[in-house]
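K.L.:
Let me begin by handing over the structure; questions about it come next.
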Amino acid sequence: MWGRRSYGRVVLEQARRLWEKQDQHRGDRHRLFSAVAAAVDVETVLYPGSYVDLAPSFVWPSVTYVDIDRRATQFFDDEAGVRALLADRGVDPDSHSVRFIEADYSDSLDLDDGAFDLLVSLYAGFVSEACTRHLRVGGCCW
Ligand SMILES: C[S@@+](CC[C@H](N)C(=O)[O-])C[C@H]1O[C@@H](n2cnc3c(N)ncnc32)[C@H](O)[C@@H]1O
């Protein structure tokens, strides 16, 4: 198993650069999702139109990200980089599931209906219209 320092050494420049641009208002999304986590009981999260906003994985153990942008694919393909970003925030990457799907979220996604506790909709269009079916009964769209 890799130690925390090893993650730092292997992180690819691309993932780090994309994340630092995403996180330009340092920690704002981490604080936002922490506030949501305090209000709702959630384990599984679906985030269509996520781009490279990894912050939900700082808070929740299982997050599925969906985006059509190739830069998001490059970011999430850099598994070592993503693990390093999680480890930087004190998250054990082995205890968290980070899945990325490159797709148009309005197309049929290879995901079960009712599989998620929380649907995140942030500046990415008509997410709830296309993806609410993936929320469990009693789940939350935020
Ligand atoms: C303005 S960015 C917001 C990114 C992120 N939600 C945030 O708040 O930082 C919008 C993102 O939604 C993605 N997006 C928009 N429509 C989409 C669609 N139909 N399917 C997949 N991704 C989509 C874009 O590729 C882009 O990465």
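Quick note on naming: the chains in the structure tokens go A, B, ... in the order shown, residues restart at 1 in each chain, and ligands are numbered from 1 in order of appearance.
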Which polymer residues have any atom within 8 Å of an atom of stretch 60-70 of chain A, counting only C-alpha atoms, with same-chain residues fewer than 4 positions away left out, as a list in words?
P.N.:
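The filter keeps Ala37, Val42, Glu43, Thr44, Val45, Leu46, Tyr47, Pro48, Gly49, Ser50, Tyr51, Pro56, Gln74, Ser95, His96, Ser97, Val98, Arg99, Phe100, Ile101, Glu102, Ala103, Asp104 and Tyr105 of chain A.
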K.L.:
Hey, can you spit out that residue selection with C-alpha atoms as a short mmCIF file (atom, residue, chain, number, x, y, z; two decimals), in the first residue's frame?
P.N.:
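Wrote it out as selection-v5.cif, contents follow:
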data_model
loop_
_atom_site.label_atom_id
_atom_site.label_comp_id
_atom_site.auth_asym_id
_atom_site.auth_seq_id
_atom_site.Cartn_x
_atom_site.Cartn_y
_atom_site.Cartn_z
CA ALA A 37 -23.53 16.04 4.79
CA VAL A 42 -25.97 9.99 2.54
CA GLU A 43 -23.57 7.26 1.41
CA THR A 44 -23.96 7.06 -2.36
CA VAL A 45 -23.80 10.16 -4.55
CA LEU A 46 -24.38 10.77 -8.27
CA TYR A 47 -22.85 13.95 -9.68
CA PRO A 48 -23.74 14.53 -13.37
CA GLY A 49 -21.87 17.44 -14.95
CA SER A 50 -19.19 17.24 -12.29
CA TYR A 51 -16.27 18.34 -14.45
CA PRO A 56 -17.88 15.28 -2.74
CA GLN A 74 -8.18 12.79 -18.12
CA SER A 95 -12.09 3.46 1.87
CA HIS A 96 -13.68 5.58 -0.87
CA SER A 97 -15.14 4.60 -4.21
CA VAL A 98 -14.56 7.19 -6.95
CA ARG A 99 -16.14 6.25 -10.27
CA PHE A 100 -16.20 8.39 -13.40
CA ILE A 101 -18.35 7.88 -16.48
CA GLU A 102 -17.65 9.88 -19.62
CA ALA A 103 -21.13 10.39 -21.01
CA ASP A 104 -23.92 12.78 -21.77
CA TYR A 105 -26.03 12.47 -18.63
#
K.L.:
Which residues in stretch 31-138 of chain A does DSSP call helix (DSSP H, G or I)? List them as a VMD selection string.
P.N.:
chain A and resid 31 to 39 55 to 58 70 to 77 79 to 88 93 to 95 127 to 134
K.L.:
Give the strand (DSSP E or B) residues of chain A, as DSSP finds them on the backbone, and put them as a PDB file with N, CA and C atoms, in the first residue's frame.
P.N.:
ATOM      1  N   THR A  44     -24.223   7.158  -0.924  1.00  0.00           N
ATOM      2  CA  THR A  44     -23.957   7.062  -2.360  1.00  0.00           C
ATOM      3  C   THR A  44     -24.435   8.322  -3.073  1.00  0.00           C
ATOM      4  N   VAL A  45     -23.546   8.861  -3.916  1.00  0.00           N
ATOM      5  CA  VAL A  45     -23.804  10.159  -4.555  1.00  0.00           C
ATOM      6  C   VAL A  45     -23.618  10.035  -6.064  1.00  0.00           C
ATOM      7  N   LEU A  46     -24.521  10.653  -6.813  1.00  0.00           N
ATOM      8  CA  LEU A  46     -24.381  10.766  -8.269  1.00  0.00           C
ATOM      9  C   LEU A  46     -24.236  12.250  -8.611  1.00  0.00           C
ATOM     10  N   TYR A  47     -23.159  12.557  -9.372  1.00  0.00           N
ATOM     11  CA  TYR A  47     -22.852  13.954  -9.681  1.00  0.00           C
ATOM     12  C   TYR A  47     -22.696  14.118 -11.196  1.00  0.00           C
ATOM     13  N   PRO A  48     -23.813  14.306 -11.917  1.00  0.00           N
ATOM     14  CA  PRO A  48     -23.740  14.535 -13.366  1.00  0.00           C
ATOM     15  C   PRO A  48     -23.279  15.969 -13.652  1.00  0.00           C
ATOM     16  N   SER A  62     -18.883   7.028  -1.442  1.00  0.00           N
ATOM     17  CA  SER A  62     -19.103   6.457  -2.769  1.00  0.00           C
ATOM     18  C   SER A  62     -19.726   7.515  -3.689  1.00  0.00           C
ATOM     19  N   VAL A  63     -18.932   7.984  -4.640  1.00  0.00           N
ATOM     20  CA  VAL A  63     -19.419   9.033  -5.540  1.00  0.00           C
ATOM     21  C   VAL A  63     -19.179   8.611  -6.992  1.00  0.00           C
ATOM     22  N   THR A  64     -20.221   8.747  -7.804  1.00  0.00           N
ATOM     23  CA  THR A  64     -20.124   8.500  -9.239  1.00  0.00           C
ATOM     24  C   THR A  64     -20.241   9.835  -9.963  1.00  0.00           C
ATOM     25  N   TYR A  65     -19.226  10.145 -10.721  1.00  0.00           N
ATOM     26  CA  TYR A  65     -19.159  11.405 -11.460  1.00  0.00           C
ATOM     27  C   TYR A  65     -19.459  11.127 -12.934  1.00  0.00           C
ATOM     28  N   VAL A  66     -20.167  12.057 -13.567  1.00  0.00           N
ATOM     29  CA  VAL A  66     -20.486  11.914 -14.995  1.00  0.00           C
ATOM     30  C   VAL A  66     -20.200  13.250 -15.682  1.00  0.00           C
ATOM     31  N   ASP A  67     -19.451  13.188 -16.762  1.00  0.00           N
ATOM     32  CA  ASP A  67     -19.250  14.415 -17.548  1.00  0.00           C
ATOM     33  C   ASP A  67     -18.862  14.026 -18.961  1.00  0.00           C
ATOM     34  N   SER A  97     -14.954   4.985  -2.822  1.00  0.00           N
ATOM     35  CA  SER A  97     -15.138   4.601  -4.214  1.00  0.00           C
ATOM     36  C   SER A  97     -15.350   5.863  -5.056  1.00  0.00           C
ATOM     37  N   VAL A  98     -14.453   6.052  -6.022  1.00  0.00           N
ATOM     38  CA  VAL A  98     -14.559   7.193  -6.949  1.00  0.00           C
ATOM     39  C   VAL A  98     -14.712   6.607  -8.348  1.00  0.00           C
ATOM     40  N   ARG A  99     -15.892   6.803  -8.926  1.00  0.00           N
ATOM     41  CA  ARG A  99     -16.137   6.255 -10.267  1.00  0.00           C
ATOM     42  C   ARG A  99     -16.450   7.414 -11.207  1.00  0.00           C
ATOM     43  N   PHE A 100     -15.901   7.354 -12.411  1.00  0.00           N
ATOM     44  CA  PHE A 100     -16.199   8.387 -13.400  1.00  0.00           C
ATOM     45  C   PHE A 100     -16.742   7.735 -14.664  1.00  0.00           C
ATOM     46  N   ILE A 101     -17.787   8.341 -15.216  1.00  0.00           N
ATOM     47  CA  ILE A 101     -18.353   7.885 -16.483  1.00  0.00           C
ATOM     48  C   ILE A 101     -18.310   9.055 -17.461  1.00  0.00           C
ATOM     49  N   GLU A 102     -17.623   8.847 -18.578  1.00  0.00           N
ATOM     50  CA  GLU A 102     -17.653   9.881 -19.618  1.00  0.00           C
ATOM     51  C   GLU A 102     -18.902   9.658 -20.445  1.00  0.00           C
ATOM     52  N   PHE A 116     -28.962   5.668  -5.795  1.00  0.00           N
ATOM     53  CA  PHE A 116     -28.207   6.741  -5.120  1.00  0.00           C
ATOM     54  C   PHE A 116     -29.043   7.444  -4.047  1.00  0.00           C
ATOM     55  N   ASP A 117     -28.331   7.874  -3.006  1.00  0.00           N
ATOM     56  CA  ASP A 117     -28.986   8.627  -1.926  1.00  0.00           C
ATOM     57  C   ASP A 117     -29.094  10.113  -2.260  1.00  0.00           C
ATOM     58  N   LEU A 118     -28.132  10.593  -3.044  1.00  0.00           N
ATOM     59  CA  LEU A 118     -28.060  12.040  -3.299  1.00  0.00           C
ATOM     60  C   LEU A 118     -27.696  12.283  -4.757  1.00  0.00           C
ATOM     61  N   LEU A 119     -28.414  13.218  -5.372  1.00  0.00           N
ATOM     62  CA  LEU A 119     -28.104  13.664  -6.735  1.00  0.00           C
ATOM     63  C   LEU A 119     -27.633  15.111  -6.636  1.00  0.00           C
ATOM     64  N   LEU A 135     -32.194   8.132  -8.292  1.00  0.00           N
ATOM     65  CA  LEU A 135     -32.295   8.373  -6.845  1.00  0.00           C
ATOM     66  C   LEU A 135     -33.184   7.328  -6.195  1.00  0.00           C
ATOM     67  N   ARG A 136     -32.813   6.883  -5.008  1.00  0.00           N
ATOM     68  CA  ARG A 136     -33.689   5.977  -4.258  1.00  0.00           C
ATOM     69  C   ARG A 136     -34.916   6.758  -3.792  1.00  0.00           C
ATOM     70  N   VAL A 137     -35.964   6.032  -3.487  1.00  0.00           N
ATOM     71  CA  VAL A 137     -37.149   6.665  -2.896  1.00  0.00           C
ATOM     72  C   VAL A 137     -36.722   7.302  -1.579  1.00  0.00           C
ATOM     73  N   GLY A 138     -37.039   8.566  -1.410  1.00  0.00           N
ATOM     74  CA  GLY A 138     -36.625   9.277  -0.201  1.00  0.00           C
ATOM     75  C   GLY A 138     -35.258   9.924  -0.331  1.00  0.00           C
ATOM     76  N   GLY A 139     -34.614   9.723  -1.498  1.00  0.00           N
ATOM     77  CA  GLY A 139     -33.307  10.352  -1.727  1.00  0.00           C
ATOM     78  C   GLY A 139     -33.458  11.853  -1.918  1.00  0.00           C
ATOM     79  N   CYS A 140     -32.315  12.490  -2.085  1.00  0.00           N
ATOM     80  CA  CYS A 140     -32.297  13.957  -2.053  1.00  0.00           C
ATOM     81  C   CYS A 140     -31.593  14.501  -3.290  1.00  0.00           C
ATOM     82  N   CYS A 141     -32.159  15.540  -3.900  1.00  0.00           N
ATOM     83  CA  CYS A 141     -31.492  16.230  -5.000  1.00  0.00           C
ATOM     84  C   CYS A 141     -31.072  17.586  -4.497  1.00  0.00           C
TER      85      CYS A 141
END
K.L.:
Rank nothing, just name the residue among A:Gly27, A:Ser106, A:Leu111, A:Glu20 nearest to A:Gly125, using only C-alpha atoms.
P.N.:
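Residue with the minimum atom-to-atom distance to A:Gly125: A:Ser106.
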K.L.:
In terms of the shortest atom-to-atom distance over only C-alpha atoms and all ligand atoms, which of A:Asp113, A:Asp28, A:Asp77, A:Asp88 is closest to ligand 1?
P.N.:
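So, comparing all the options, the nearest one is A:Asp28.
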K.L.:
May I ask which of the residues A:Asp112, A:Asp92, A:Glu13, A:Glu129 is the closest one to ligand 1, counting only C-alpha atoms and all ligand atoms?
P.N.:
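Answer, going by the shortest atom-to-atom distance: A:Glu129.
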K.L.:
Find the residue from A:Leu109, A:Leu54, A:Val91, A:Ala15 that sits nearest to A:Ala130; use only C-alpha atoms when measuring.
P.N.:
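Nearest to A:Ala130: A:Leu109.
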